[in-house]
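> Following this message is one structure expressed as structure tokens.
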Amino acid sequence: MSAPVSDNPLPLSQQAIQASSTTSAQEAANAPYLEGLNPQQCEAVLTTEGPVLMLAGAGTGKTRALTTRLAHILATRKAAPWQVLAVTFTNKAAREMKERLGALVGDKVEGMRWMGTFHSIAGQILRRHAELVDLKSSFTILDADDQVRLCKDLVKASKLDEKRWPGRLLAGVIDGWKNRGLTPDQVPVKEAALFAEGRGIDFYHQYQIRLRELNAADFGDLLLHNLTIFQSHQDVLKIYQDRFAYMLVDEYQDTNVAQYLWLRLLSASHKNICVVGDDDQSIYGWRGAEVGNILRFEQDFPGAKIIRLEQNYRSTPAILGAASGLIAANKNRLGKTLWTASKAEDKVLLRHVWDGEEEARLVCDDIEAAQSKGRSLSDMAVLVRTAAQMRSFEDRFNLAGIAYQVIGGPRFYEREETRDALAYLRLVRNLDDDLAFARIVNKPRRGVGEKALQMMAITARELKISLHMAASQLLANGAIKGKAKNALGLFLSQLDQWRGQVNDLSATEIAALVLDDSGYTDYWKTSKNPQAPGKLENLKELVQAAGEFDSLPAWLDHVALVSELNENTGDGLVSLMTLHAAKGLEFPFVFLPGWEEGLFPSQRSLDENGLKGLEEERRLAYVGITRARERCFISFASNRLTYGRWQASIPSCFIDELPPEFVDTDSGQTPVSNGQKTRFKSEAFSQDDSALHQIDGKAERITTSAKKSDFTVGERVFHQKFGMGSIQKIDGNKLDISFDHAGEKRVMDNFITRP
Ligand code: ATP
Ligand code: MG
């Protein structure tokens with residue numbers, strides 16, 4: 001990978017200007033904002049008229065070129081700030097773009113009223129014309145939770161079988177149609193007949209009617225109503241076509257059909273639209289994104305200028321090589337060449353760890369080591385596949401006093417379900433914990449209404465006793481009656497029971513018991529809240545975290561401590577987020593934990609979408625690696641505590657796909673190829689070998705055939721975590737062992753010793 005040599009003596013930005021004959025290009029010749037951009041980037045900045053597609057790999061400066069283009073449009077007064085539409089993928093990205101733009105053009109940025117996500121911009125437009133779709137401009141925007149509740153009510157009202165057609169499922173179906181830009185009248189009849197006992201279209205109609213009655217719009221409506229308005233009111237469409245003299249869209253590969261149609265309508269007259277993206281970074285297929293939108297841009301906008309950027313300015317050769325080698329395994333891609341001028345020699349570090357705890361500890365050690373060499377904590381990011389993986393890192397950070405932030409969601413101990421669960425357990429430990437009592441006495445709803453709660457609060461205050469004591473008294477003297485009496489009585493006796501068992505059970509057992517008996521786990525199991533599955537996972541994660549402590553009090557003390565130790569040290573914050581949330585961002589140090597089959601690639605994604613799902617997961621891995629500027633650390637554990645049970649885990653198939661010349665392996669452990677490929681593995685292998693070799697002629701896979709174990713069936717062996725057991729079966733280097741106390745497990749032979 002080396003820099004191409006140019007024989008043009010002019011600076012790169014001047015070369016592009018030389019190539020462009022527009023007056024504004026001449027005007028901009030000395031513009032400071034063009035400094036340092038390469039000719040292709042300059043071209044993207046200066047070709048302001050007509051459609052432009054910048055299609056390029058990660059870190060090639062697409063967002064930078066897009067921001068500079070915006071600066072150029074404003075600086076050369078081609079348009080006023082309010083005449084430019086700039087779409088970013090998140091509100092955070094919009095804020096960042098605004099900041100960078102501010103640095104380039106000063107306070108002109110203040111007038112950029114139309115910069116934001118599709119939803120925020122479409123929402124603003126809808127407020128102005130709400131009456132055209134029978135809404136008032138004060139309409140409420142419903143969140144996913146409300147949406148599901150509404151569907152649930154409608155399922156009942158339509159006398160549909162609630163088990164067969166849960167509200168959540170139908171809300172998802174309607175969302176899918178909206179993502180495709182389909183109103184009830186436009187949904188294909190045959191397709192709709194598959195839902196709601198053949199009444200899919202009617203159900204969708206009813207749902208929309210109900211929204212109008214509530215003067216509400218859901219997320220999908222924001223765009224869909226815009227489309228309806230634009231299509232049926234040419235005059236309104238024209239206002240916006242005239243208003244948005246220039247349109248710029250980042251992360252175009254993740255637009256859905258509705259967003260695509262919206263952009264097409266708005267840009268139809270002037271066609272001054274510039275979109276940028278990377279087909280290899282399309283990671284929102286599960287939310288209706290269509291990577292095809294970017295691939296057919298040229299057909300949609302004939303004469304479009306296509307600009308390809310090949311120099312990666314972000315990462316080292318090893319990071320780029322590892323990411324490119326990995327993504328080469330995907331069949332459905334355009335394929336591109338990337339190079340970097342960086343001469344850095346560090347390789348990607350692949351680490352094989354014993355379990356999640358060790359993984360978190362090593363990440364913290366690395367962070368501290370970097371910090372001691374003068375790096376800021378804000379230089380580091382840990383990117384996980386699922387939010388539940390965050391807990392072990394948060395615990396470690398807290399213990400080590402490493403300040404961190406969770407991007408895109410609350411921190412583990414601040415989550416609703418974590419707080420609820422801990423409130424139950426705090427109350428079991430301490431009946432006087434009024435905060436905990438108040439939080440969960442009626443959660444899940446058990447019929448202790450407002451009135452009963454008020455009586456308890458008043459009594460507690462007057463007699464200076466705890467809420468729990470007040471509840472007991474009010475029950476004893478008959479002041480609380482009816483349903484509340486029974487419910488509260490049951491709850492108090494459950495509390496007594498749990499307290500009676502605290503000394504006999506482990507912290508994990510008592511936590512699981514309390515959450516199950518109290519109905520709290522069921523509350524989320526039966527909830528139609530789309531976040532419920534994630535919340536259940538977090539609860540399991542919490543329960544299993546208790547396993548690290550001898551007793552409930554020891555665990556609760558630990559939790560209380562770790563959730564307080566969170567002072568910002570003034571040296572920035574480590575960022576912890578999901579891979580999805582990391583799109584478009586970059587950090588000098590990136591940690592990618594949990595590269596194990598089932599976790600990453602996610603089993604759910606494979607089960608639901610097969611090879612397509614695997615390819616999307618692989619793009620996610622590509623996004624993850626390419627966030628790193630200097631160092632990238634990938635790790636996988638041999639054992640994962642999943643849902644309270646130790647499971648031997650198998651390295652992710654993506655690990656095999658990293659070209660070995662770009663990877664260093666830690667502590668002498670070879671990256672173990674499992675010999676037990678995923679279902680899709682063989683397909684991925686057969687089509688990607690040649691692609692891999694394109695990156696570098698000598699690319700080879702990390703292949704370590706599973707050597708046969710020298711243990712024998714029936715032999716007694718010892719495992720550090722599971723204790724003594726007998727070997728039942730041997731499969732290469734994996735052993736099925738019946739442990740005396742831990743039950744049947746499959747483990748790798750290098751973690752087994754002879755007693
Ligand atoms: P992604 O695909 O991840 O969104 P991107 O293509 O949008 O990446 P940017 O974020 O714009 O890439 O740029 C990546 C990094 O390279 C940034 O730090 C940016 O400032 C830097 N960069 C971009 N263009 C240049 C350039 N011409 N010279 C030096 N650095 C550059
Ligand atoms: Mg970008």
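Simple scheme: letters A, B, ... for chains in structure tokens order, numbers from 1 for residues in each chain, numbers from 1 for ligands in the order shown.
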Produce as a VMD selection string the set of residues near ligand 2, where near means within 8 Å with only C-alpha atoms and all ligand atoms considered.

chain A and resid 58 to 59 61 to 64 250 to 251 277 583 to 585

> If the limit is 10 Å from any atom of ligand 1, counting only C-alpha atoms and all ligand atoms, which residues qualify? Return them as a PyMOL selection string.

chain A and resi 12-13+34-42+54-68+250-251+276-281+309-315+582-588+622-624+626-629

> Please produce a file of those selected residues containing C-alpha atoms, as a short mmCIF file (atom, residue, chain, number, x, y, z; two decimals), in the first residue's frame.


```
data_model
loop_
_atom_site.label_atom_id
_atom_site.label_comp_id
_atom_site.auth_asym_id
_atom_site.auth_seq_id
_atom_site.Cartn_x
_atom_site.Cartn_y
_atom_site.Cartn_z
CA LEU A 12 -4.06 18.78 -5.36
CA SER A 13 -6.88 21.23 -4.71
CA LEU A 34 -10.11 23.44 0.27
CA GLU A 35 -6.66 23.13 1.67
CA GLY A 36 -5.54 19.58 2.17
CA LEU A 37 -8.38 17.97 0.23
CA ASN A 38 -7.42 15.57 -2.54
CA PRO A 39 -8.54 16.19 -6.15
CA GLN A 40 -11.54 13.88 -5.91
CA GLN A 41 -12.70 15.50 -2.70
CA CYS A 42 -12.25 18.92 -4.28
CA MET A 54 -19.55 9.94 -3.65
CA LEU A 55 -19.20 6.21 -3.23
CA ALA A 56 -16.20 5.23 -1.23
CA GLY A 57 -14.89 3.07 1.56
CA ALA A 58 -14.59 3.87 5.21
CA GLY A 59 -12.43 6.75 6.35
CA THR A 60 -11.83 8.16 2.86
CA GLY A 61 -13.09 11.58 3.81
CA LYS A 62 -16.66 11.44 2.50
CA THR A 63 -18.16 13.26 5.45
CA ARG A 64 -15.33 15.76 5.40
CA ALA A 65 -15.86 16.44 1.70
CA LEU A 66 -19.62 16.74 2.24
CA THR A 67 -19.15 19.24 5.05
CA THR A 68 -16.70 21.23 2.96
CA ASP A 250 -24.54 11.48 4.37
CA GLU A 251 -24.67 7.69 4.95
CA VAL A 276 -22.33 9.97 -0.04
CA GLY A 277 -22.06 6.46 1.25
CA ASP A 278 -20.41 3.09 1.26
CA ASP A 279 -22.23 -0.08 0.29
CA ASP A 280 -19.95 -2.00 2.66
CA GLN A 281 -21.32 -0.06 5.60
CA LEU A 309 -12.27 8.16 -3.11
CA GLU A 310 -9.56 5.62 -2.53
CA GLN A 311 -7.21 7.10 -0.02
CA ASN A 312 -8.07 6.27 3.54
CA TYR A 313 -6.94 9.01 5.89
CA ARG A 314 -8.14 7.40 9.07
CA SER A 315 -6.41 4.13 9.72
CA ALA A 582 -20.55 3.84 16.03
CA LYS A 583 -21.26 4.48 12.36
CA GLY A 584 -19.41 7.51 11.00
CA LEU A 585 -17.31 7.95 14.17
CA GLU A 586 -13.58 7.39 14.67
CA PHE A 587 -11.29 6.81 17.65
CA PRO A 588 -7.53 6.28 17.92
CA TYR A 622 -16.14 -3.90 8.89
CA VAL A 623 -17.70 -0.77 10.37
CA GLY A 624 -16.25 -1.74 13.76
CA THR A 626 -12.66 0.83 10.40
CA ARG A 627 -13.57 3.08 13.35
CA ALA A 628 -9.98 2.66 14.56
CA ARG A 629 -7.28 5.11 13.66
#
```

> Could you write out, as a PyMOL selection string, all the residues of range 99-211 of chain A that DSSP marks as helix (DSSP H, G or I)?

chain A and resi 99-111+118-133+144-157+167-179+184-186+189-192+200-211

> In Å, with one decimal, what is the gap from CA of Ala532 in chain A to CA of Lys152 in chain A?

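Atom-to-atom, CA of Ala532 in chain A to CA of Lys152 in chain A, that is 15.2 Å.
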
> Kindly indicate which residue among A:Lys156, A:Arg716, A:Lys305, A:Lys347 lies nearest to Ala322 in chain A, using only C-alpha atoms for the distances.

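The shortest atom-to-atom distance to Ala322 in chain A comes from A:Lys347.
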
> DSSP on the backbone: which residues in range 186-422 of chain A end up as strand (DSSP E)? Give the answer as a VMD selection string.

chain A and resid 216 to 217 246 to 249 273 to 277 305 to 307 348 to 355 380 to 384 404 to 406

> Which of these, A:Glu96, A:Asp420, A:Asp235, A:Glu359, has the shortest distance to Leu592 in chain A once you count only C-alpha atoms?

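Under the stated criterion, the closest residue is A:Glu359.
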
> Can you pull out every residue within 12 Å of Phe739 in chain A, counting only C-alpha atoms, but drop anything in the same chain fewer than 2 positions away, and send it as a PyMOL selection string?

chain A and resi 714-728+735-737+741-747+752
